[in-house]
>>> print(open('my_file-v4.tsv').read())   # TSV, C-alpha atoms
chain	number	residue	atom	x	y	z
L	1	MET	CA	56.45	23.14	2.66
L	2	ILE	CA	57.36	19.69	3.97
L	3	ALA	CA	59.80	21.25	6.45
L	4	LYS	CA	56.97	23.44	7.73
L	5	ILE	CA	54.70	20.42	8.26
L	6	VAL	CA	57.50	18.54	10.06
L	7	ALA	CA	58.14	21.53	12.34
L	8	TYR	CA	54.46	21.80	13.14
L	9	TRP	CA	54.22	18.10	13.89
L	10	GLN	CA	57.20	18.34	16.24
L	11	LEU	CA	55.53	21.22	18.07
L	12	LEU	CA	52.40	19.16	18.56
L	13	ASN	CA	54.32	16.04	19.46
L	14	ARG	CA	56.45	17.70	22.18
L	15	PRO	CA	55.18	17.62	25.79
L	16	ALA	CA	53.80	20.95	26.99
L	17	ARG	CA	56.42	23.12	28.63
L	18	HIS	CA	54.32	25.63	30.59
L	19	LEU	CA	50.87	24.01	31.00
L	20	SER	CA	50.30	21.57	33.81
L	21	LEU	CA	49.01	18.06	33.19
L	22	ALA	CA	46.00	18.85	35.38
L	23	LEU	CA	45.06	21.86	33.25
L	24	LEU	CA	45.46	19.90	30.05
L	25	THR	CA	43.35	16.97	31.25
L	26	THR	CA	40.56	18.89	33.01
L	27	GLY	CA	40.65	21.61	30.34
L	28	GLY	CA	40.44	18.93	27.67
L	29	PHE	CA	37.59	17.26	29.51
L	30	PHE	CA	35.50	20.43	29.76
L	31	ALA	CA	36.32	21.47	26.21
L	32	GLY	CA	35.15	18.01	25.17
L	33	VAL	CA	31.91	18.39	27.12
L	34	ILE	CA	31.23	21.76	25.51
L	35	PHE	CA	32.11	20.51	22.04
L	36	TRP	CA	30.06	17.34	22.40
L	37	GLY	CA	27.11	19.17	23.90
L	38	GLY	CA	27.26	21.79	21.18
L	39	PHE	CA	27.48	19.17	18.48
L	40	ASN	CA	24.51	17.22	19.82
L	41	THR	CA	22.42	20.36	20.35
L	42	ALA	CA	23.06	21.42	16.76
L	43	LEU	CA	22.27	17.90	15.60
L	44	GLU	CA	18.97	17.83	17.50
L	45	LEU	CA	18.11	21.26	16.12
L	46	THR	CA	18.22	19.80	12.62
L	47	ASN	CA	16.08	16.91	13.86
L	48	THR	CA	12.85	18.84	14.31
L	49	GLU	CA	9.76	19.41	12.23
L	50	THR	CA	10.37	23.16	12.47
L	51	PHE	CA	13.73	22.71	10.80
L	52	CYS	CA	12.36	20.42	8.07
L	53	ILE	CA	9.52	22.75	7.10
L	54	SER	CA	11.75	25.81	7.14
L	55	CYS	CA	12.35	24.86	3.48
L	56	HIS	CA	9.43	25.36	1.09
L	57	GLU	CA	10.19	22.02	-0.59
L	58	MET	CA	9.06	20.18	2.52
L	59	ARG	CA	6.52	22.71	3.79
L	60	GLU	CA	4.52	22.95	0.58
L	61	ASN	CA	4.66	19.35	-0.57
L	62	VAL	CA	5.06	16.52	1.88
L	63	PHE	CA	4.08	18.44	5.02
L	64	VAL	CA	0.77	19.57	3.54
L	65	GLU	CA	-0.04	15.96	2.72
L	66	LEU	CA	0.99	14.71	6.14
L	67	LYS	CA	-1.41	17.10	7.89
L	68	GLU	CA	-4.51	15.24	6.72
L	69	THR	CA	-3.31	11.81	7.75
L	70	ILE	CA	-3.76	9.87	10.97
L	71	HIS	CA	-0.13	10.45	11.89
L	72	TYR	CA	-0.81	14.16	12.22
L	73	THR	CA	-4.53	14.48	12.96
L	74	ASN	CA	-6.08	11.97	15.33
L	75	ARG	CA	-8.26	11.61	18.40
L	76	SER	CA	-5.51	10.82	20.91
L	77	GLY	CA	-3.21	13.73	20.10
L	78	VAL	CA	-0.13	11.64	19.52
L	79	ARG	CA	1.66	13.10	16.53
L	80	ALA	CA	4.55	11.82	14.50
L	81	THR	CA	6.86	14.57	13.30
L	82	CYS	CA	9.22	14.28	10.32
L	83	PRO	CA	12.28	12.84	12.13
L	84	ASP	CA	10.17	10.24	13.98
L	85	CYS	CA	9.80	8.34	10.72
L	86	HIS	CA	12.62	9.64	8.56
L	87	VAL	CA	15.60	9.69	10.94
L	88	PRO	CA	16.68	6.54	12.80
L	89	HIS	CA	16.59	7.01	16.59
L	90	ASN	CA	19.67	4.87	17.20
L	91	TRP	CA	22.73	7.16	17.37
L	92	THR	CA	25.08	5.51	14.85
L	93	ASP	CA	22.26	5.04	12.32
L	94	LYS	CA	21.21	8.61	12.95
L	95	ILE	CA	24.70	9.91	12.16
L	96	ALA	CA	24.81	7.76	9.03
L	97	ARG	CA	21.46	9.18	7.89
L	98	LYS	CA	22.58	12.71	8.72
L	99	MET	CA	25.69	12.24	6.58
L	100	ALA	CA	23.58	10.89	3.74
L	101	ALA	CA	21.37	13.97	4.14
L	102	SER	CA	24.24	16.14	2.91
L	103	LYS	CA	22.94	15.16	-0.54
L	104	GLU	CA	19.70	16.93	0.41
L	105	VAL	CA	21.67	20.12	1.12
L	106	TRP	CA	23.10	19.78	-2.38
L	107	GLY	CA	19.59	19.37	-3.74
L	108	LYS	CA	18.43	22.45	-1.87
L	109	LEU	CA	21.33	24.56	-3.19
L	110	PHE	CA	20.74	23.54	-6.78
L	111	GLY	CA	16.94	23.53	-6.59
L	112	THR	CA	16.49	19.87	-7.52
L	113	ILE	CA	12.89	19.88	-6.28
L	114	SER	CA	12.36	23.63	-6.03
L	115	THR	CA	8.99	23.57	-7.83
L	116	ARG	CA	5.93	21.34	-7.47
L	117	GLU	CA	6.51	19.96	-10.98
L	118	LYS	CA	10.14	19.10	-10.29
L	119	PHE	CA	9.11	17.45	-7.04
L	120	GLN	CA	6.37	15.40	-8.73
L	121	SER	CA	8.71	14.16	-11.42
L	122	LYS	CA	11.29	13.11	-8.84
L	123	ARG	CA	8.79	11.77	-6.36
L	124	LEU	CA	8.94	8.10	-7.32
L	125	GLU	CA	12.72	8.05	-6.96
L	126	LEU	CA	12.57	9.79	-3.58
L	127	ALA	CA	9.83	7.47	-2.36
L	128	GLN	CA	11.76	4.42	-3.50
L	129	ASN	CA	14.75	5.56	-1.44
L	130	GLU	CA	12.58	5.68	1.66
L	131	TRP	CA	10.86	2.34	0.93
L	132	ALA	CA	14.27	0.72	0.46
L	133	ARG	CA	15.48	2.15	3.76
L	134	PHE	CA	12.39	0.93	5.62
L	135	LYS	CA	12.63	-2.48	3.97
L	136	ALA	CA	16.32	-2.79	4.87
L	137	ASN	CA	15.85	-1.96	8.55
L	138	ASP	CA	12.62	-3.98	8.88
L	139	SER	CA	10.52	-0.80	9.24
L	140	LEU	CA	12.40	0.17	12.38
L	141	GLU	CA	10.99	3.69	12.53
L	142	CYS	CA	7.43	2.32	12.39
L	143	ARG	CA	8.26	-0.15	15.12
L	144	ASN	CA	9.62	2.53	17.42
L	145	CYS	CA	5.93	3.12	18.16
L	146	HIS	CA	4.07	0.19	16.58
L	147	ALA	CA	5.77	-2.95	17.90
L	148	PHE	CA	4.09	-6.17	16.81
L	149	GLU	CA	4.70	-7.62	20.27
L	150	SER	CA	2.73	-4.73	21.80
L	151	MET	CA	-0.27	-4.98	19.47
L	152	ASP	CA	-3.46	-6.30	21.04
L	153	ILE	CA	-4.81	-7.89	17.91
L	154	THR	CA	-8.12	-8.65	19.61
L	155	LEU	CA	-8.76	-4.91	19.53
L	156	GLN	CA	-8.02	-4.71	15.82
L	157	SER	CA	-10.62	-5.18	13.13
L	158	PRO	CA	-10.86	-8.82	11.99
L	159	ARG	CA	-9.21	-7.95	8.69
L	160	ALA	CA	-6.29	-6.15	10.34
L	161	ALA	CA	-5.86	-8.88	12.96
L	162	ASP	CA	-5.75	-11.57	10.28
L	163	ASN	CA	-3.28	-9.71	8.08
L	164	HIS	CA	-1.01	-8.80	10.95
L	165	THR	CA	-0.93	-12.33	12.34
L	166	ARG	CA	-0.48	-13.99	8.99
L	167	LEU	CA	1.98	-11.62	7.34
L	168	LEU	CA	3.64	-9.44	9.97
L	169	GLY	CA	3.83	-11.95	12.81
L	170	THR	CA	5.49	-14.56	10.64
L	171	GLY	CA	8.03	-12.03	9.42
L	172	GLU	CA	6.91	-12.61	5.85
L	173	LYS	CA	6.22	-8.92	5.40
L	174	THR	CA	7.35	-5.75	7.08
L	175	CYS	CA	5.21	-2.66	7.74
L	176	ILE	CA	6.22	-0.73	4.62
L	177	ASP	CA	5.27	-3.62	2.30
L	178	CYS	CA	1.57	-2.89	2.84
L	179	HIS	CA	1.52	0.57	4.40
L	180	LYS	CA	3.08	2.65	1.65
L	181	GLY	CA	1.68	6.14	1.32
L	182	ILE	CA	0.08	6.34	4.76
L	183	ALA	CA	1.65	9.70	5.56
L	184	HIS	CA	2.18	11.19	2.11
L	185	GLN	CA	0.59	10.83	-1.30
L	186	LEU	CA	1.92	8.13	-3.58
L	187	PRO	CA	3.71	8.73	-6.89
L	188	ASP	CA	2.82	6.85	-10.06
L	189	MET	CA	2.76	3.28	-8.76
L	190	SER	CA	2.25	1.48	-12.07
L	191	ASN	CA	5.71	-0.11	-11.91
L	192	VAL	CA	5.69	-0.85	-8.19
L	193	GLU	CA	5.04	-4.48	-7.31
L	194	GLY	CA	1.62	-5.11	-5.83
L	195	TRP	CA	0.28	-1.68	-6.76
L	196	HIS	CA	-1.88	-0.31	-9.54
I	1	MET	CA	-26.41	3.85	-0.03
I	2	LEU	CA	-28.20	5.11	3.01
I	3	VAL	CA	-27.51	8.69	2.00
I	4	ALA	CA	-28.80	8.01	-1.50
I	5	LEU	CA	-31.98	6.52	-0.08
I	6	LEU	CA	-32.34	9.52	2.20
I	7	CYS	CA	-32.07	11.87	-0.75
I	8	VAL	CA	-34.72	9.91	-2.60
I	9	GLY	CA	-36.83	9.96	0.53
I	10	LEU	CA	-36.54	13.70	0.99
I	11	GLY	CA	-37.31	14.29	-2.67
I	12	SER	CA	-40.49	12.28	-2.54
I	13	ILE	CA	-41.63	14.19	0.54
I	14	ALA	CA	-41.19	17.46	-1.29
I	15	VAL	CA	-43.11	16.21	-4.27
I	16	ALA	CA	-45.93	14.98	-2.06
I	17	GLY	CA	-46.22	18.47	-0.62
I	18	GLU	CA	-46.02	17.27	2.96
I	19	PRO	CA	-44.50	19.58	5.60
I	20	ILE	CA	-40.73	19.53	5.60
I	21	THR	CA	-39.08	19.71	9.00
I	22	THR	CA	-35.98	21.78	8.63
I	23	LEU	CA	-32.60	20.40	9.64
I	24	ARG	CA	-31.64	23.83	10.93
I	25	ALA	CA	-31.60	23.92	14.72
I	26	GLY	CA	-31.71	27.67	15.36
I	27	ALA	CA	-32.95	30.81	13.70
I	28	LEU	CA	-32.13	31.50	10.08
I	29	GLU	CA	-29.56	34.20	10.82
I	30	SER	CA	-27.63	32.20	13.45
I	31	ASN	CA	-25.13	29.45	12.84
I	32	SER	CA	-26.28	26.18	14.32
I	33	PRO	CA	-23.65	23.81	15.71
I	34	ALA	CA	-22.33	21.19	13.32
I	35	PRO	CA	-23.55	17.66	13.95
I	36	ALA	CA	-21.05	15.32	15.58
I	37	MET	CA	-18.77	13.41	13.22
I	38	ALA	CA	-20.08	9.89	12.77
I	39	LYS	CA	-17.74	6.96	13.12
I	40	PRO	CA	-17.19	4.83	10.03
I	41	ILE	CA	-18.33	1.24	10.45
I	42	ASN	CA	-15.23	-0.94	10.54
I	43	SER	CA	-16.78	-4.35	11.20
I	44	ASP	CA	-15.32	-6.14	8.16
I	45	ILE	CA	-18.68	-7.95	7.96
I	46	ARG	CA	-20.16	-7.96	4.48
I	47	GLU	CA	-23.57	-6.33	4.34
I	48	ILE	CA	-26.34	-7.81	2.21
I	49	ARG	CA	-27.28	-5.98	-0.96
I	50	ASN	CA	-30.77	-4.55	-1.12
I	51	PHE	CA	-31.05	-5.46	-4.80
I	52	PRO	CA	-28.78	-7.60	-6.97
I	53	GLU	CA	-27.12	-4.73	-8.85
I	54	GLN	CA	-26.34	-2.76	-5.73
I	55	PRO	CA	-22.62	-2.06	-5.40
I	56	PRO	CA	-21.62	-3.70	-2.11
I	57	THR	CA	-20.86	-1.23	0.65
I	58	ILE	CA	-17.36	-0.99	2.11
I	59	PRO	CA	-17.36	-2.55	5.59
I	60	HIS	CA	-14.13	-0.89	6.67
I	61	ASN	CA	-12.53	2.50	7.18
I	62	ILE	CA	-11.05	4.02	4.03
I	63	ARG	CA	-9.60	7.19	5.51
I	64	GLY	CA	-6.81	8.54	3.33
I	65	TYR	CA	-7.19	5.90	0.62
I	66	GLN	CA	-5.63	7.37	-2.51
I	67	ILE	CA	-7.56	6.77	-5.74
I	68	ASP	CA	-6.17	8.94	-8.50
I	69	LEU	CA	-4.09	8.93	-11.65
I	70	ASN	CA	-1.05	7.72	-9.72
I	71	THR	CA	-2.47	4.80	-7.83
I	72	ASN	CA	-5.52	3.01	-6.45
I	73	LYS	CA	-5.14	1.98	-2.83
I	74	CYS	CA	-8.24	-0.25	-2.90
I	75	LEU	CA	-6.74	-2.39	-5.63
I	76	SER	CA	-3.67	-3.09	-3.50
I	77	CYS	CA	-5.96	-5.58	-1.69
I	78	HIS	CA	-8.92	-6.16	-4.02
I	79	SER	CA	-7.14	-6.65	-7.35
I	80	ARG	CA	-7.02	-10.08	-8.93
I	81	LYS	CA	-3.42	-10.69	-7.94
I	82	ALA	CA	-3.60	-9.15	-4.47
I	83	VAL	CA	-6.43	-11.26	-3.04
I	84	GLY	CA	-4.16	-14.24	-2.44
I	85	GLN	CA	-2.29	-12.25	0.13
I	86	SER	CA	-5.04	-9.97	1.38
I	87	GLN	CA	-7.91	-12.52	1.31
I	88	ALA	CA	-10.16	-9.61	0.37
I	89	PRO	CA	-12.98	-10.13	-2.15
I	90	MET	CA	-11.75	-9.65	-5.72
I	91	VAL	CA	-13.38	-6.91	-7.77
I	92	SER	CA	-16.05	-8.58	-9.87
I	93	VAL	CA	-15.44	-9.46	-13.49
I	94	THR	CA	-17.82	-6.71	-14.62
I	95	HIS	CA	-15.09	-4.26	-13.65
I	96	PHE	CA	-12.81	-5.80	-16.26
I	97	MET	CA	-15.33	-5.31	-19.07
I	98	ASP	CA	-15.18	-2.37	-21.40
I	99	ARG	CA	-18.35	-0.79	-22.70
I	100	ASP	CA	-18.67	-3.46	-25.38
I	101	GLY	CA	-18.57	-6.25	-22.83
I	102	GLN	CA	-15.05	-7.25	-23.81
I	103	VAL	CA	-13.19	-8.57	-20.76
I	104	LEU	CA	-9.81	-6.90	-20.37
I	105	SER	CA	-6.83	-8.03	-18.30
I	106	ALA	CA	-7.11	-5.16	-15.83
I	107	VAL	CA	-9.84	-3.00	-14.31
I	108	THR	CA	-11.21	-0.72	-17.01
I	109	PRO	CA	-10.77	3.04	-16.62
I	110	ARG	CA	-14.55	3.48	-16.39
I	111	ARG	CA	-14.62	1.30	-13.26
I	112	TYR	CA	-11.37	2.57	-11.75
I	113	PHE	CA	-12.76	5.06	-9.24
I	114	CYS	CA	-14.14	2.71	-6.59
I	115	THR	CA	-15.87	5.29	-4.41
I	116	GLN	CA	-18.09	6.45	-7.25
I	117	CYS	CA	-20.25	3.44	-6.43
I	118	HIS	CA	-18.85	1.77	-3.32
I	119	VAL	CA	-19.14	3.71	-0.10
I	120	PRO	CA	-18.32	3.06	3.54
I	121	GLN	CA	-21.17	3.25	6.05
I	122	HIS	CA	-21.45	5.37	9.17
I	123	ASP	CA	-23.14	4.62	12.42
I	124	ILE	CA	-25.88	7.30	12.29
I	125	LYS	CA	-29.55	7.51	13.03
I	126	PRO	CA	-31.48	8.12	9.81
I	127	LEU	CA	-33.05	11.56	9.67
I	128	VAL	CA	-36.19	10.17	8.08
I	129	GLU	CA	-37.66	6.72	8.30
I	130	ASN	CA	-36.48	4.43	5.53
I	131	GLU	CA	-39.42	2.81	3.80
I	132	PHE	CA	-37.39	0.75	1.38
I	133	ILE	CA	-38.88	-2.69	0.77
I	134	ASP	CA	-36.66	-5.50	-0.41
I	135	ALA	CA	-37.75	-6.96	-3.74
I	136	ASP	CA	-38.17	-10.42	-2.18
I	137	ASP	CA	-40.45	-9.06	0.53
I	138	LEU	CA	-42.41	-7.17	-2.08
I	139	THR	CA	-43.18	-10.30	-4.09
I	140	ASN	CA	-44.12	-12.22	-0.95
I	141	LYS	CA	-46.72	-9.64	0.03
>>> encode(input="my_file-v4.tsv", output="structure tokens")
Amino acid sequence: MIAKIVAYWQLLNRPARHLSLALLTTGGFFAGVIFWGGFNTALELTNTETFCISCHEMRENVFVELKETIHYTNRSGVRATCPDCHVPHNWTDKIARKMAASKEVWGKLFGTISTREKFQSKRLELAQNEWARFKANDSLECRNCHAFESMDITLQSPRAADNHTRLLGTGEKTCIDCHKGIAHQLPDMSNVEGWH
Amino acid sequence: MLVALLCVGLGSIAVAGEPITTLRAGALESNSPAPAMAKPINSDIREIRNFPEQPPTIPHNIRGYQIDLNTNKCLSCHSRKAVGQSQAPMVSVTHFMDRDGQVLSAVTPRRYFCTQCHVPQHDIKPLVENEFIDADDLTNK
């Protein structure tokens, strides 16, 4: 067994006898382009609303709730799809999130939230995961569209302008601290700080 | 509030036997176009109450506010503890009283569903003239 591995390693380690250096480098380059392109295309394919709602868990629970909210139905026609809020746009963070999402594949296979009742009973835990992620990255996915620096607070209602200046502008709070449940319904909040 | 007054207004017209102008635009068998959606008033300016017991109207948009068994979005600003941060008016102490007048530490279940009494206002032209007279004006007459 070990002898086999050593022999294989020596084969790989030896310079090529028949292939030219040019073929190996350009061939390697184009193979790399195809592999990388393929990888990214597949990655982006899993980063769409269509992909998310291809499972009934998403389509019949969270997606239904999203449809009524301002992030889906509004006057200006700008719409946030699932990955806009739930997948970081930055590449390394995106890959990290995608790797963490392998747990969701596990959940799908074993039907962790396969019924409405199962989903409801697990909802607080799932929501807390997302709140923690938003809190840790200072609501980055919100800020991809809603940057504080870009807000014209004179156009906001007095209440919103005051809260945003006092709490968001000073960095005392981040978006998710106040804006929980804007795109989906909230679970039992009786043990969540600041909620009733 | 306005809607409630309108209902009262319409009712009194019917009782008085005066002619009722129908709200229907076309013939009975045709579907008339739906009226335009009115914009909610979002001024954040407190409106006066027309009588002391009137539940104050909500001067802001409450689209998507969840008030159910799980949570009450209104209380995330208007609860006793939240007003320090939100600077919103605290729910009055009557909301903490049970039916025997005993003040509890939290909003009682019978006062939990805010929109049963408190409603946002919309910028619409009243369908019928509002003849409501404020109690103060009535006594001054």
>>> closest_residue(input="my_file-v4.tsv", among="I:Pro89, I:Val128, I:Leu69, I:Ala82", to="Glu193 (chain L)", atoms="only C-alpha atoms")
I:Ala82
>>> interface_residues(input="my_file-v4.tsv", of="chain L", to="chain I", cutoff="10 Å", atoms="all atoms listed in the file", output="VMD selection string")
chain L and resid 68 to 70 156 to 160 162 to 163 166 to 167 178 to 190 192 to 196
>>> atom_distance(input="my_file-v4.tsv", atom1="CA of Pro35 (chain I)", atom2="CA of Glu129 (chain I)")
18.7 Å
>>> residues_around(input="my_file-v4.tsv", residues="His122 (chain I)", least_positions_apart="3", cutoff="10 Å", atoms="all atoms listed in the file", output="count of residues only")
13
>>> axis_aligned_box(input="my_file-v4.tsv", around="region 79-98 of chain L", padding_each_side="5 Å", output="JSON")
{"center_x": 13.4, "center_y": 9.7, "center_z": 12.6, "size_x": 33.4, "size_y": 19.7, "size_z": 19.5}
>>> atom_distance(input="my_file-v4.tsv", atom1="CA of Pro83 (chain L)", atom2="CA of Asn137 (chain L)")
15.6 Å
>>> residues_around(input="my_file-v4.tsv", residues="Ala34 (chain I)", least_positions_apart="4", cutoff="12 Å", atoms="only C-alpha atoms", output="MDAnalysis selection string")
chainID I and resid 23:26 38
>>> atom_distance(input="my_file-v4.tsv", atom1="CA of Cys55 (chain L)", atom2="CA of Gly107 (chain L)")
11.6 Å
>>> decode(input="my_file-v4.tsv", residues="region 147-184 of chain L", atoms="C-alpha atoms", output="compact mmCIF listing (two decimals), in the first residue's frame")
# COMPACT_ATOMS: atom_id res chain seq x y z
CA ALA L 147 -25.60 53.01 3.91
CA PHE L 148 -25.95 55.51 6.74
CA GLU L 149 -23.65 57.89 4.87
CA SER L 150 -26.04 57.85 1.91
CA MET L 151 -29.21 58.49 3.91
CA ASP L 152 -30.76 61.93 3.48
CA ILE L 153 -32.25 62.13 6.93
CA THR L 154 -34.09 65.34 6.05
CA LEU L 155 -36.30 63.18 3.84
CA GLN L 156 -37.01 60.75 6.66
CA SER L 157 -39.88 61.13 9.07
CA PRO L 158 -38.86 63.08 12.20
CA ARG L 159 -38.98 59.92 14.27
CA ALA L 160 -36.79 57.96 11.87
CA ALA L 161 -34.35 60.85 11.46
CA ASP L 162 -33.97 61.20 15.22
CA ASN L 163 -33.47 57.49 15.83
CA HIS L 164 -31.02 57.09 12.99
CA THR L 165 -28.93 60.08 14.04
CA ARG L 166 -28.95 59.22 17.71
CA LEU L 167 -28.51 55.45 17.57
CA LEU L 168 -27.20 54.44 14.16
CA GLY L 169 -24.98 57.43 13.43
CA THR L 170 -23.18 57.13 16.74
CA GLY L 171 -22.59 53.44 16.16
CA GLU L 172 -24.47 52.62 19.35
CA LYS L 173 -26.81 50.34 17.45
CA THR L 174 -26.70 48.47 14.19
CA CYS L 175 -29.62 47.96 11.79
CA ILE L 176 -30.68 44.55 13.07
CA ASP L 177 -30.98 45.80 16.67
CA CYS L 178 -34.20 47.64 15.82
CA HIS L 179 -35.24 46.18 12.46
CA LYS L 180 -35.78 42.55 13.37
CA GLY L 181 -38.59 40.85 11.51
CA ILE L 182 -38.85 43.35 8.66
CA ALA L 183 -38.75 40.68 5.98
CA HIS L 184 -40.13 37.64 7.80
